[in-house]
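Trainee: Following this message is one structure expressed as structure tokens.
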Amino acid sequence: MWFPVRSACLGARAVCDRGFVGALLQRPRRREAKVSPFSHSAGRCAQTCQALIYRKHGDPSRVVELEDVPVPQTGEKDVLVKLLASPINPSDINMIQGTYAILPDLPAVGGNEGVAQVLEVGSQVKSLKPGDWVIPRDAGLGTWRTEAVLAEDDVISVPNGIPLLSAATLGVNPCTAFRMLSDFEDLRPGDSVIQNAANSGVGQAVIQIAAARGINTINVIRDRPDFTQLCDRLKAIGASHVIKEESLRRPEMKELFKTCSKPKLALNGVGGKSATELLRHLQVGGSMVTYGGMSKQPVTVPVSALIFKNVKVRGFWVTQWKRDHSHDGRAFRAMVDDLCSLIQKGKLTAPACTEVCLQDYEKALGAALQPFTSSKQVLIM
């Protein structure tokens with residue numbers, strides 16, 4: 001059975017069709033796309049699709065181009081998929097810039113996350129069928145394209161009844177939030193977590209997953225002109241407290257802890273002074289987990305926090321977690337199922353997103369690079 005999906009792009013009347021494979025293959029090549037012999041998959045090439053490709057590292061606005069690339073035939077253990085939507089994450093930008101921990105061979109298709117619809121399966125594929133929705137198991141698949149032939153083991157199915165944007169943004173930020181809330185401290189209902197970058201994709205997922213578990217969150221964000229509106233939005237999705245970074249160093253924190261327990265866990269996506277201030281408010285024996293460094297400043301740990309509070313300072317990278325558990329897919333499957341269950345119950349929603357047609361990728365990349373970005377750019381194929 002097929003599950004065609006339509007989504008309006010940037011308010012235009014035209015829609016991006018994600019229907020049958022026949023219509024996809026008959027679509028005329030767009031004039032603005034260059035023709036390239038490049039392909040991410042092996043096989044005999046019969047058709048083309050559109051992809052955002054970079055041939056060298058650098059400024060995304062200068063090195064990323066929309067091109068036509070070959071689509072190989074589907075192998076026995078492969079699936080042909082139609083990409084539906086793919087976000088632009090900070091890690092995607094860092095990969096293009098050449099500053100990320102893992103870099104694909106060049107030329108490369110951008111994008112590491114997204115949701116696709118299975119159009120065709122190989123003769124030995126057992127776990128998937130046409131119409132299924134799938135997300136990548138790991139980074140590096142190149143999701144900023146309209147079609148791809150992928151190995152069955154490179155993707156995992158998700159319910160095709162969940163919202164498109166929730167599915168497209170499921171594989172990175174919610175997984176990061178889920179693991180950090182599960183793997184470092186034994187958090188019980190009534191316990192507290194403090195985090196900076198609370199308005200980020202990870203931060204919003206932390207708020208919602210923690211709320212579903214009865215865990216309080218103290219959410220730190222930078223001051224900005226729309227602070228009140230952002231504060232209200234975070235509280236609407238379950239934030240217990242929302243404070244400005246400056247408040248971490250003020251006496252008002254003592255008042256906050258009269259109604260909220262000191263946090264067992266601190267989640268750091270910023271680094272620098274912000275991370276140091278999070279450490280100061282941890283319980284004795286608590287953990288600070290660093291998953292990002294948006295300030296590009298080192299994490300400084302006060303000696304007193306180590307000696308007198310015995311805090312633990314850890315790091316987390318969801319890509320490494322996925323690779324460490326790749327030999328047994330049950331842990332990843334269980335996590336995805338738990339997250340999808342929260343989505344279906346309305347307890348986990350996608351972060352604020354701006355949908356942009358693939359052809360308007362330059363606008364999306366430009367917006368993703370802007371500071372104080374509160375909306376995730378999502379490419380609609």
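Identifiers for the structure tokens are assigned positionally: chains receive A, B, ... in sequence, residues are indexed from 1 per chain, and ligands are indexed from 1 in the order shown.
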Could you list, as a list in words, every residue within 8 Å of Asn310 (chain A), counting only C-alpha atoms and ignoring same-chain residues fewer than 3 positions away?
Mentor: Val284, Gly285, Gly286, Ala305, Leu306 and Ile307 of chain A
Trainee: What does the file look like for those residues with C-alpha atoms, as an mmCIF file, in the first residue's frame?
Mentor:
```cif
data_model
loop_
_atom_site.group_PDB
_atom_site.id
_atom_site.type_symbol
_atom_site.label_atom_id
_atom_site.label_comp_id
_atom_site.auth_asym_id
_atom_site.auth_seq_id
_atom_site.Cartn_x
_atom_site.Cartn_y
_atom_site.Cartn_z
ATOM 1 C CA VAL A 284 27.255 16.581 45.447
ATOM 2 C CA GLY A 285 28.250 13.649 43.237
ATOM 3 C CA GLY A 286 26.205 14.908 40.277
ATOM 4 C CA ALA A 305 33.737 21.130 42.358
ATOM 5 C CA LEU A 306 35.978 18.110 41.883
ATOM 6 C CA ILE A 307 37.324 17.891 45.428
#
```
Trainee: I'd like the neighbourhood of Gly272 (chain A) as a list in words, where a residue qualifies if any of its atoms comes within 8 Å (using only C-alpha atoms), though same-chain residues fewer than 4 positions away should be ignored.
Mentor: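 Once the adjacent positions are removed, what remains is Thr276, Ser295, Lys296, Gln297, Pro298, Val299 and Thr300 of chain A.
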Trainee: Within 8 Å of Glu113 (chain A), counting only C-alpha atoms, which residues show up once you throw out same-chain ones fewer than 6 positions away? Write them as a list in words, please.
Mentor: Ser86, Pro87, Ile135, Pro136, Ala139, Thr143, Ala168, Thr169, Gly171 and Val172 of chain A
Trainee: Kindly export the residues of the current selection with N, CA, C and O atoms, as an mmCIF file, in the first residue's frame.
Mentor:
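Here's the written file selection-v9.cif:
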```
data_model
loop_
_atom_site.group_PDB
_atom_site.id
_atom_site.type_symbol
_atom_site.label_atom_id
_atom_site.label_comp_id
_atom_site.auth_asym_id
_atom_site.auth_seq_id
_atom_site.Cartn_x
_atom_site.Cartn_y
_atom_site.Cartn_z
ATOM 1 N N SER A 86 14.319 16.694 5.397
ATOM 2 C CA SER A 86 15.624 16.568 6.048
ATOM 3 C C SER A 86 16.017 17.895 6.677
ATOM 4 O O SER A 86 16.032 18.925 5.990
ATOM 5 N N PRO A 87 16.333 17.910 7.978
ATOM 6 C CA PRO A 87 16.700 19.162 8.633
ATOM 7 C C PRO A 87 18.147 19.562 8.346
ATOM 8 O O PRO A 87 18.959 18.764 7.876
ATOM 9 N N ILE A 135 14.244 6.133 8.818
ATOM 10 C CA ILE A 135 15.228 7.162 9.153
ATOM 11 C C ILE A 135 16.602 6.507 9.167
ATOM 12 O O ILE A 135 16.709 5.285 9.343
ATOM 13 N N PRO A 136 17.689 7.278 9.003
ATOM 14 C CA PRO A 136 19.037 6.684 9.022
ATOM 15 C C PRO A 136 19.400 6.126 10.397
ATOM 16 O O PRO A 136 19.019 6.685 11.426
ATOM 17 N N ALA A 139 25.100 8.496 10.934
ATOM 18 C CA ALA A 139 25.414 9.686 10.144
ATOM 19 C C ALA A 139 26.118 9.284 8.857
ATOM 20 O O ALA A 139 26.676 8.199 8.738
ATOM 21 N N THR A 143 21.410 12.971 3.268
ATOM 22 C CA THR A 143 19.946 13.018 3.193
ATOM 23 C C THR A 143 19.398 14.218 2.437
ATOM 24 O O THR A 143 18.181 14.318 2.264
ATOM 25 N N ALA A 168 11.247 13.531 10.714
ATOM 26 C CA ALA A 168 12.452 14.065 10.070
ATOM 27 C C ALA A 168 13.511 14.480 11.080
ATOM 28 O O ALA A 168 14.708 14.450 10.777
ATOM 29 N N THR A 169 13.089 14.864 12.275
ATOM 30 C CA THR A 169 14.025 15.364 13.287
ATOM 31 C C THR A 169 14.200 14.384 14.446
ATOM 32 O O THR A 169 14.667 14.759 15.519
ATOM 33 N N GLY A 171 16.103 11.409 14.603
ATOM 34 C CA GLY A 171 17.290 10.578 14.725
ATOM 35 C C GLY A 171 18.473 11.168 15.456
ATOM 36 O O GLY A 171 19.394 10.426 15.827
ATOM 37 N N VAL A 172 18.496 12.482 15.685
ATOM 38 C CA VAL A 172 19.677 13.106 16.300
ATOM 39 C C VAL A 172 19.342 13.715 17.663
ATOM 40 O O VAL A 172 19.762 13.215 18.706
#
```
Trainee: Within 6 Å of Val109 (chain A), counting only C-alpha atoms, which residues qualify if same-chain residues fewer than 3 places away don't, as a PyMOL selection string?
Mentor: chain A and resi 52-53+142
Trainee: In Å, with one decimal, what is the gap from CA of Thr259 (chain A) to CA of Thr217 (chain A)?
Mentor: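 These two atoms are separated by 12.3 Å.
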Trainee: Assign secondary structure with DSSP using the backbone only, and return the residues of region 81-291 of chain A in strand (DSSP E) as an MDAnalysis selection string.
Mentor: chainID A and resid 81:87 108:109 115:121 133:136 147:151 155:158 192:195 216:221 241:244 265:268 287:290
Trainee: Using only C-alpha atoms, which residues sit within 10 Å of Ala364 (chain A) once same-chain residues fewer than 4 positions away are excluded, as a ChimeraX atom specification?
Mentor: /A:61,87-88,354-360,368-369,376-379
Trainee: Using N, CA and C atoms, can you write the selected residues to a file as a PDB file, in the first residue's frame?
Mentor:
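Everything below was put into again-v2.pdb:
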```
ATOM      1  N   SER A  61      27.406  28.402   2.003  1.00  0.00           N
ATOM      2  CA  SER A  61      26.768  29.235   0.983  1.00  0.00           C
ATOM      3  C   SER A  61      27.586  29.303  -0.301  1.00  0.00           C
ATOM      4  N   PRO A  87      16.333  17.910   7.978  1.00  0.00           N
ATOM      5  CA  PRO A  87      16.700  19.162   8.633  1.00  0.00           C
ATOM      6  C   PRO A  87      18.147  19.562   8.346  1.00  0.00           C
ATOM      7  N   ILE A  88      18.442  20.808   8.648  1.00  0.00           N
ATOM      8  CA  ILE A  88      19.814  21.312   8.618  1.00  0.00           C
ATOM      9  C   ILE A  88      20.262  21.470  10.068  1.00  0.00           C
ATOM     10  N   THR A 354      11.063  25.610  10.177  1.00  0.00           N
ATOM     11  CA  THR A 354      10.690  26.340   8.963  1.00  0.00           C
ATOM     12  C   THR A 354      10.889  25.410   7.785  1.00  0.00           C
ATOM     13  N   GLU A 355       9.810  25.101   7.074  1.00  0.00           N
ATOM     14  CA  GLU A 355       9.881  24.203   5.928  1.00  0.00           C
ATOM     15  C   GLU A 355      10.302  24.981   4.680  1.00  0.00           C
ATOM     16  N   VAL A 356      11.300  24.465   3.992  1.00  0.00           N
ATOM     17  CA  VAL A 356      11.847  25.134   2.814  1.00  0.00           C
ATOM     18  C   VAL A 356      12.003  24.106   1.696  1.00  0.00           C
ATOM     19  N   CYS A 357      11.526  24.431   0.511  1.00  0.00           N
ATOM     20  CA  CYS A 357      11.701  23.530  -0.623  1.00  0.00           C
ATOM     21  C   CYS A 357      13.186  23.349  -0.940  1.00  0.00           C
ATOM     22  N   LEU A 358      13.538  22.175  -1.410  1.00  0.00           N
ATOM     23  CA  LEU A 358      14.931  21.868  -1.719  1.00  0.00           C
ATOM     24  C   LEU A 358      15.544  22.913  -2.647  1.00  0.00           C
ATOM     25  N   GLN A 359      14.769  23.387  -3.617  1.00  0.00           N
ATOM     26  CA  GLN A 359      15.286  24.356  -4.578  1.00  0.00           C
ATOM     27  C   GLN A 359      15.647  25.694  -3.930  1.00  0.00           C
ATOM     28  N   ASP A 360      15.121  25.951  -2.734  1.00  0.00           N
ATOM     29  CA  ASP A 360      15.436  27.183  -2.010  1.00  0.00           C
ATOM     30  C   ASP A 360      16.476  26.932  -0.916  1.00  0.00           C
ATOM     31  N   ALA A 368      20.056  29.017   8.656  1.00  0.00           N
ATOM     32  CA  ALA A 368      20.629  28.101   9.647  1.00  0.00           C
ATOM     33  C   ALA A 368      21.914  28.652  10.247  1.00  0.00           C
ATOM     34  N   LEU A 369      22.594  29.531   9.530  1.00  0.00           N
ATOM     35  CA  LEU A 369      23.864  30.088   9.996  1.00  0.00           C
ATOM     36  C   LEU A 369      23.691  31.329  10.861  1.00  0.00           C
ATOM     37  N   LYS A 376      14.366  25.545  13.370  1.00  0.00           N
ATOM     38  CA  LYS A 376      15.201  24.639  12.609  1.00  0.00           C
ATOM     39  C   LYS A 376      14.752  24.654  11.150  1.00  0.00           C
ATOM     40  N   GLN A 377      15.699  24.786  10.235  1.00  0.00           N
ATOM     41  CA  GLN A 377      15.404  24.753   8.808  1.00  0.00           C
ATOM     42  C   GLN A 377      15.258  23.302   8.350  1.00  0.00           C
ATOM     43  N   VAL A 378      14.156  22.982   7.700  1.00  0.00           N
ATOM     44  CA  VAL A 378      13.906  21.627   7.224  1.00  0.00           C
ATOM     45  C   VAL A 378      13.655  21.667   5.723  1.00  0.00           C
ATOM     46  N   LEU A 379      14.472  20.931   4.987  1.00  0.00           N
ATOM     47  CA  LEU A 379      14.323  20.861   3.532  1.00  0.00           C
ATOM     48  C   LEU A 379      13.223  19.868   3.179  1.00  0.00           C
TER      49      LEU A 379
END
```
Trainee: Rounded to one decimal, what separation in Å do you get between CA of Ala167 (chain A) and CA of Gly114 (chain A)?
Mentor: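 CA of Gly114 (chain A) lies at a distance of 7.2 Å from CA of Ala167 (chain A).
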Trainee: Please list as a PDB file with N, CA and C atoms, in the first residue's frame every residue within 9 Å of Thr99 (chain A), counting only C-alpha atoms and excluding residues in the same chain fewer than 5 positions away.
Mentor:
```
ATOM      1  N   HIS A  57      35.535  21.571   1.228  1.00  0.00           N
ATOM      2  CA  HIS A  57      35.055  22.133   2.486  1.00  0.00           C
ATOM      3  C   HIS A  57      35.137  23.652   2.438  1.00  0.00           C
ATOM      4  N   ILE A  93      26.396  21.524   9.086  1.00  0.00           N
ATOM      5  CA  ILE A  93      27.178  22.710   8.726  1.00  0.00           C
ATOM      6  C   ILE A  93      28.660  22.459   9.003  1.00  0.00           C
ATOM      7  N   ASN A  94      28.952  21.875  10.184  1.00  0.00           N
ATOM      8  CA  ASN A  94      30.350  21.602  10.547  1.00  0.00           C
ATOM      9  C   ASN A  94      31.000  20.626   9.586  1.00  0.00           C
TER      10      ASN A  94
END
```
Trainee: Report as an NGL selection string all protein, DNA and RNA residues lying within 12 Å of Asp183 (chain A), evaluated on only C-alpha atoms, omitting residues in the same chain fewer than 3 positions from it.
Mentor: :A and (175-180 or 186-187 or 265 or 287 or 289 or 314-316 or 318 or 321)
